[in-house]
Each structure stands twice: as structure tokens, then as C-alpha cells.
$ cat target.cif   # mmCIF, C-alpha atoms; chains and numbers go by the auth columns
data_work
loop_
_atom_site.group_PDB
_atom_site.id
_atom_site.type_symbol
_atom_site.label_atom_id
_atom_site.label_comp_id
_atom_site.label_asym_id
_atom_site.label_seq_id
_atom_site.Cartn_x
_atom_site.Cartn_y
_atom_site.Cartn_z
_atom_site.B_iso_or_equiv
_atom_site.auth_seq_id
_atom_site.auth_asym_id
ATOM 1 C CA MET A 1 -22.094 -90.854 -44.138 0.00 1 A
ATOM 2 C CA CYS A 2 -23.405 -90.920 -47.656 0.00 2 A
ATOM 3 C CA ILE A 3 -25.097 -87.988 -49.351 0.00 3 A
ATOM 4 C CA LYS A 4 -26.906 -89.292 -52.383 0.00 4 A
ATOM 5 C CA SER A 5 -28.415 -86.255 -53.995 0.00 5 A
ATOM 6 C CA LYS A 6 -26.679 -83.231 -55.387 0.00 6 A
ATOM 7 C CA LYS A 7 -29.248 -80.962 -53.749 0.00 7 A
ATOM 8 C CA GLN A 8 -28.437 -82.369 -50.297 0.00 8 A
ATOM 9 C CA LYS A 9 -24.755 -81.821 -50.910 0.00 9 A
ATOM 10 C CA GLU A 10 -25.309 -78.222 -52.012 0.00 10 A
ATOM 11 C CA THR A 11 -27.533 -77.553 -49.011 0.00 11 A
ATOM 12 C CA LEU A 12 -24.978 -79.075 -46.677 0.00 12 A
ATOM 13 C CA LEU A 13 -22.188 -76.946 -48.117 0.00 13 A
ATOM 14 C CA LYS A 14 -24.354 -73.846 -47.844 0.00 14 A
ATOM 15 C CA ASN A 15 -25.130 -74.587 -44.194 0.00 15 A
ATOM 16 C CA ILE A 16 -21.496 -75.247 -43.371 0.00 16 A
ATOM 17 C CA SER A 17 -20.521 -71.997 -45.039 0.00 17 A
ATOM 18 C CA SER A 18 -23.171 -70.098 -43.084 0.00 18 A
ATOM 19 C CA LEU A 19 -22.011 -71.723 -39.874 0.00 19 A
ATOM 20 C CA SER A 20 -18.441 -70.708 -40.601 0.00 20 A
ATOM 21 C CA VAL A 21 -19.441 -67.086 -41.174 0.00 21 A
ATOM 22 C CA LEU A 22 -21.460 -66.998 -37.964 0.00 22 A
ATOM 23 C CA ILE A 23 -18.615 -68.440 -35.933 0.00 23 A
ATOM 24 C CA ARG A 24 -16.241 -65.849 -37.393 0.00 24 A
ATOM 25 C CA LYS A 25 -18.680 -63.090 -36.446 0.00 25 A
ATOM 26 C CA LEU A 26 -18.915 -64.458 -32.931 0.00 26 A
ATOM 27 C CA CYS A 27 -15.127 -64.616 -32.596 0.00 27 A
ATOM 28 C CA LEU A 28 -14.694 -61.087 -33.886 0.00 28 A
ATOM 29 C CA TYR A 29 -17.368 -59.815 -31.554 0.00 29 A
ATOM 30 C CA CYS A 30 -15.754 -61.568 -28.588 0.00 30 A
ATOM 31 C CA ASN A 31 -12.428 -59.911 -29.429 0.00 31 A
ATOM 32 C CA PHE A 32 -14.196 -56.568 -29.645 0.00 32 A
ATOM 33 C CA VAL A 33 -15.953 -57.109 -26.319 0.00 33 A
ATOM 34 C CA SER A 34 -12.702 -57.974 -24.576 0.00 34 A
ATOM 35 C CA LYS A 35 -11.298 -54.599 -25.664 0.00 35 A
ATOM 36 C CA SER A 36 -14.354 -52.409 -25.168 0.00 36 A
ATOM 37 C CA LYS A 37 -15.837 -54.130 -22.100 0.00 37 A
ATOM 38 C CA SER A 38 -19.344 -53.567 -23.411 0.00 38 A
ATOM 39 C CA LEU A 39 -21.677 -56.403 -24.254 0.00 39 A
ATOM 40 C CA ASP A 40 -24.706 -56.518 -26.522 0.00 40 A
ATOM 41 C CA SER A 41 -26.536 -59.573 -25.256 0.00 41 A
ATOM 42 C CA ASP A 42 -29.245 -59.410 -27.928 0.00 42 A
ATOM 43 C CA TYR A 43 -26.628 -59.540 -30.664 0.00 43 A
ATOM 44 C CA LEU A 44 -24.936 -62.512 -29.029 0.00 44 A
ATOM 45 C CA LYS A 45 -28.231 -64.338 -28.560 0.00 45 A
ATOM 46 C CA ASN A 46 -29.079 -63.775 -32.202 0.00 46 A
ATOM 47 C CA ILE A 47 -25.751 -65.166 -33.406 0.00 47 A
ATOM 48 C CA ILE A 48 -25.980 -68.162 -31.071 0.00 48 A
ATOM 49 C CA ASN A 49 -29.540 -68.920 -32.184 0.00 49 A
ATOM 50 C CA ASN A 50 -28.452 -68.727 -35.816 0.00 50 A
ATOM 51 C CA ILE A 51 -25.599 -71.112 -35.075 0.00 51 A
ATOM 52 C CA LYS A 52 -28.067 -73.536 -33.489 0.00 52 A
ATOM 53 C CA VAL A 53 -30.292 -73.368 -36.563 0.00 53 A
ATOM 54 C CA CYS A 54 -27.343 -74.072 -38.864 0.00 54 A
ATOM 55 C CA LEU A 55 -26.281 -77.022 -36.725 0.00 55 A
ATOM 56 C CA ASP A 56 -29.820 -78.398 -36.717 0.00 56 A
ATOM 57 C CA ASN A 57 -30.002 -78.073 -40.498 0.00 57 A
ATOM 58 C CA ILE A 58 -26.690 -79.880 -40.898 0.00 58 A
ATOM 59 C CA ASP A 59 -27.848 -82.594 -38.513 0.00 59 A
ATOM 60 C CA GLU A 60 -31.048 -83.121 -40.503 0.00 60 A
ATOM 61 C CA ILE A 61 -29.094 -83.553 -43.731 0.00 61 A
ATOM 62 C CA LEU A 62 -26.690 -86.040 -42.213 0.00 62 A
#
$ encode --input "target.cif" --output "C-alpha cells"
Amino acid sequence: MCIKSKKQKETLLKNISSLSVLIRKLCLYCNFVSKSKSLDSDYLKNIINNIKVCLDNIDEIL
């Protein structure tokens, strides 16, 4: 793996950071759901779709 341009590197770091935040949100929400027993499927779908977009963006850069 070789990232030649500075812009690609910055974009990659931004996408990885966004992915990390989304995964943390998902984990926190899952902990909340396990305690409250209520599930907001639209919220989960939105987070999962955002994670997919971040992964696709990272894949394109690499």
C-alpha cells in the first residue's frame, strides 16, 4: 500500500476517523438497547449505511 499524495492521505485519515466515530456510536447504542430493550431500527440502519459509505471511501483510496 502506497499513498502518494498528501490529499489522499488526509482523506484516508478523515474517513478512518469518521468510521471510528460511527463504530463508537453503534457500540454505545447497542449497550443502551441491551438495557432499555427498545430498538430504533431507522437509527441503526442509518449508522450502518454510514459505516458502509466510509468503508467504500477507504477502499477507493487504497
$ atom_distance --input "target.cif" --atom1 "atom CA of Leu13 of chain A" --atom2 "atom CA of Leu55 of chain A"
12.1 Å
$ resolve_selection --input "target.cif" --expression "the PyMOL selection byres ((chain A and resi 59) around 12)" --output "number ranges by chain"
A: 1, 8, 11-12, 15-16, 52-58, 60-62
$ residues_around --input "target.cif" --residues "segment 20-32 of chain A" --least-positions-apart "6" --cutoff "8 Å" --atoms "all atoms listed in the file" --output "JSON, numbers by chain"
{"A": [44, 47, 50, 51]}
$ build_atoms --input "target.cif" --residues "segment 22-33 of chain A" --atoms "all heavy atoms" --output "PDB file, keeping the file's coordinate frame"
ATOM      1  N   LEU A  22     -20.926 -67.352 -39.272  1.00  0.00           N
ATOM      2  CA  LEU A  22     -21.460 -66.998 -37.964  1.00  0.00           C
ATOM      3  C   LEU A  22     -20.422 -67.174 -36.858  1.00  0.00           C
ATOM      4  O   LEU A  22     -20.326 -66.340 -35.946  1.00  0.00           O
ATOM      5  CB  LEU A  22     -22.697 -67.842 -37.655  1.00  0.00           C
ATOM      6  CG  LEU A  22     -23.934 -67.500 -38.462  1.00  0.00           C
ATOM      7  CD1 LEU A  22     -25.004 -68.566 -38.264  1.00  0.00           C
ATOM      8  CD2 LEU A  22     -24.467 -66.132 -38.071  1.00  0.00           C
ATOM      9  N   ILE A  23     -19.649 -68.215 -36.946  1.00  0.00           N
ATOM     10  CA  ILE A  23     -18.615 -68.440 -35.933  1.00  0.00           C
ATOM     11  C   ILE A  23     -17.542 -67.354 -36.027  1.00  0.00           C
ATOM     12  O   ILE A  23     -17.060 -66.863 -35.005  1.00  0.00           O
ATOM     13  CB  ILE A  23     -18.020 -69.852 -36.068  1.00  0.00           C
ATOM     14  CG1 ILE A  23     -19.074 -70.871 -35.637  1.00  0.00           C
ATOM     15  CG2 ILE A  23     -16.749 -69.993 -35.243  1.00  0.00           C
ATOM     16  CD1 ILE A  23     -18.699 -72.296 -35.866  1.00  0.00           C
ATOM     17  N   ARG A  24     -17.204 -66.951 -37.238  1.00  0.00           N
ATOM     18  CA  ARG A  24     -16.241 -65.849 -37.393  1.00  0.00           C
ATOM     19  C   ARG A  24     -16.786 -64.562 -36.791  1.00  0.00           C
ATOM     20  O   ARG A  24     -16.056 -63.821 -36.119  1.00  0.00           O
ATOM     21  CB  ARG A  24     -15.914 -65.626 -38.862  1.00  0.00           C
ATOM     22  CG  ARG A  24     -14.993 -66.648 -39.421  1.00  0.00           C
ATOM     23  CD  ARG A  24     -14.566 -66.281 -40.830  1.00  0.00           C
ATOM     24  NE  ARG A  24     -14.235 -67.493 -41.542  1.00  0.00           N
ATOM     25  CZ  ARG A  24     -14.612 -67.767 -42.774  1.00  0.00           C
ATOM     26  NH1 ARG A  24     -15.329 -66.919 -43.459  1.00  0.00           N
ATOM     27  NH2 ARG A  24     -14.272 -68.901 -43.334  1.00  0.00           N
ATOM     28  N   LYS A  25     -18.064 -64.279 -37.030  1.00  0.00           N
ATOM     29  CA  LYS A  25     -18.680 -63.090 -36.446  1.00  0.00           C
ATOM     30  C   LYS A  25     -18.632 -63.143 -34.924  1.00  0.00           C
ATOM     31  O   LYS A  25     -18.333 -62.146 -34.267  1.00  0.00           O
ATOM     32  CB  LYS A  25     -20.143 -62.967 -36.888  1.00  0.00           C
ATOM     33  CG  LYS A  25     -20.340 -62.439 -38.256  1.00  0.00           C
ATOM     34  CD  LYS A  25     -21.833 -62.297 -38.531  1.00  0.00           C
ATOM     35  CE  LYS A  25     -22.114 -61.764 -39.889  1.00  0.00           C
ATOM     36  NZ  LYS A  25     -23.561 -61.616 -40.131  1.00  0.00           N
ATOM     37  N   LEU A  26     -18.941 -64.295 -34.375  1.00  0.00           N
ATOM     38  CA  LEU A  26     -18.915 -64.458 -32.931  1.00  0.00           C
ATOM     39  C   LEU A  26     -17.506 -64.249 -32.381  1.00  0.00           C
ATOM     40  O   LEU A  26     -17.326 -63.558 -31.368  1.00  0.00           O
ATOM     41  CB  LEU A  26     -19.445 -65.837 -32.552  1.00  0.00           C
ATOM     42  CG  LEU A  26     -19.611 -66.129 -31.069  1.00  0.00           C
ATOM     43  CD1 LEU A  26     -20.577 -65.147 -30.418  1.00  0.00           C
ATOM     44  CD2 LEU A  26     -20.095 -67.554 -30.872  1.00  0.00           C
ATOM     45  N   CYS A  27     -16.516 -64.792 -33.037  1.00  0.00           N
ATOM     46  CA  CYS A  27     -15.127 -64.616 -32.596  1.00  0.00           C
ATOM     47  C   CYS A  27     -14.700 -63.151 -32.667  1.00  0.00           C
ATOM     48  O   CYS A  27     -14.078 -62.633 -31.729  1.00  0.00           O
ATOM     49  CB  CYS A  27     -14.186 -65.454 -33.448  1.00  0.00           C
ATOM     50  SG  CYS A  27     -14.327 -67.211 -33.152  1.00  0.00           S
ATOM     51  N   LEU A  28     -15.041 -62.503 -33.756  1.00  0.00           N
ATOM     52  CA  LEU A  28     -14.694 -61.087 -33.886  1.00  0.00           C
ATOM     53  C   LEU A  28     -15.385 -60.251 -32.819  1.00  0.00           C
ATOM     54  O   LEU A  28     -14.791 -59.348 -32.228  1.00  0.00           O
ATOM     55  CB  LEU A  28     -15.073 -60.572 -35.280  1.00  0.00           C
ATOM     56  CG  LEU A  28     -14.205 -61.040 -36.428  1.00  0.00           C
ATOM     57  CD1 LEU A  28     -14.821 -60.614 -37.756  1.00  0.00           C
ATOM     58  CD2 LEU A  28     -12.799 -60.508 -36.294  1.00  0.00           C
ATOM     59  N   TYR A  29     -16.635 -60.561 -32.572  1.00  0.00           N
ATOM     60  CA  TYR A  29     -17.368 -59.815 -31.554  1.00  0.00           C
ATOM     61  C   TYR A  29     -16.765 -60.046 -30.172  1.00  0.00           C
ATOM     62  O   TYR A  29     -16.637 -59.107 -29.385  1.00  0.00           O
ATOM     63  CB  TYR A  29     -18.846 -60.200 -31.566  1.00  0.00           C
ATOM     64  CG  TYR A  29     -19.654 -59.335 -30.640  1.00  0.00           C
ATOM     65  CD1 TYR A  29     -19.953 -58.025 -30.989  1.00  0.00           C
ATOM     66  CD2 TYR A  29     -20.080 -59.813 -29.421  1.00  0.00           C
ATOM     67  CE1 TYR A  29     -20.663 -57.216 -30.136  1.00  0.00           C
ATOM     68  CE2 TYR A  29     -20.802 -59.009 -28.559  1.00  0.00           C
ATOM     69  CZ  TYR A  29     -21.091 -57.715 -28.926  1.00  0.00           C
ATOM     70  OH  TYR A  29     -21.786 -56.904 -28.070  1.00  0.00           O
ATOM     71  N   CYS A  30     -16.368 -61.273 -29.893  1.00  0.00           N
ATOM     72  CA  CYS A  30     -15.754 -61.568 -28.588  1.00  0.00           C
ATOM     73  C   CYS A  30     -14.442 -60.813 -28.431  1.00  0.00           C
ATOM     74  O   CYS A  30     -14.151 -60.307 -27.345  1.00  0.00           O
ATOM     75  CB  CYS A  30     -15.528 -63.063 -28.424  1.00  0.00           C
ATOM     76  SG  CYS A  30     -17.067 -63.971 -28.199  1.00  0.00           S
ATOM     77  N   ASN A  31     -13.663 -60.700 -29.487  1.00  0.00           N
ATOM     78  CA  ASN A  31     -12.428 -59.911 -29.429  1.00  0.00           C
ATOM     79  C   ASN A  31     -12.738 -58.442 -29.189  1.00  0.00           C
ATOM     80  O   ASN A  31     -12.046 -57.767 -28.435  1.00  0.00           O
ATOM     81  CB  ASN A  31     -11.614 -60.075 -30.705  1.00  0.00           C
ATOM     82  CG  ASN A  31     -10.974 -61.428 -30.808  1.00  0.00           C
ATOM     83  OD1 ASN A  31     -10.709 -62.075 -29.812  1.00  0.00           O
ATOM     84  ND2 ASN A  31     -10.740 -61.866 -32.024  1.00  0.00           N
ATOM     85  N   PHE A  32     -13.780 -57.954 -29.828  1.00  0.00           N
ATOM     86  CA  PHE A  32     -14.196 -56.568 -29.645  1.00  0.00           C
ATOM     87  C   PHE A  32     -14.653 -56.326 -28.205  1.00  0.00           C
ATOM     88  O   PHE A  32     -14.291 -55.333 -27.594  1.00  0.00           O
ATOM     89  CB  PHE A  32     -15.319 -56.231 -30.627  1.00  0.00           C
ATOM     90  CG  PHE A  32     -15.940 -54.896 -30.391  1.00  0.00           C
ATOM     91  CD1 PHE A  32     -15.278 -53.733 -30.761  1.00  0.00           C
ATOM     92  CD2 PHE A  32     -17.188 -54.790 -29.806  1.00  0.00           C
ATOM     93  CE1 PHE A  32     -15.849 -52.498 -30.547  1.00  0.00           C
ATOM     94  CE2 PHE A  32     -17.767 -53.555 -29.588  1.00  0.00           C
ATOM     95  CZ  PHE A  32     -17.103 -52.404 -29.963  1.00  0.00           C
ATOM     96  N   VAL A  33     -15.430 -57.245 -27.678  1.00  0.00           N
ATOM     97  CA  VAL A  33     -15.953 -57.109 -26.319  1.00  0.00           C
ATOM     98  C   VAL A  33     -14.809 -57.098 -25.309  1.00  0.00           C
ATOM     99  O   VAL A  33     -14.818 -56.340 -24.346  1.00  0.00           O
ATOM    100  CB  VAL A  33     -16.957 -58.242 -26.000  1.00  0.00           C
ATOM    101  CG1 VAL A  33     -17.264 -58.315 -24.521  1.00  0.00           C
ATOM    102  CG2 VAL A  33     -18.239 -58.035 -26.778  1.00  0.00           C
TER     103      VAL A  33
END
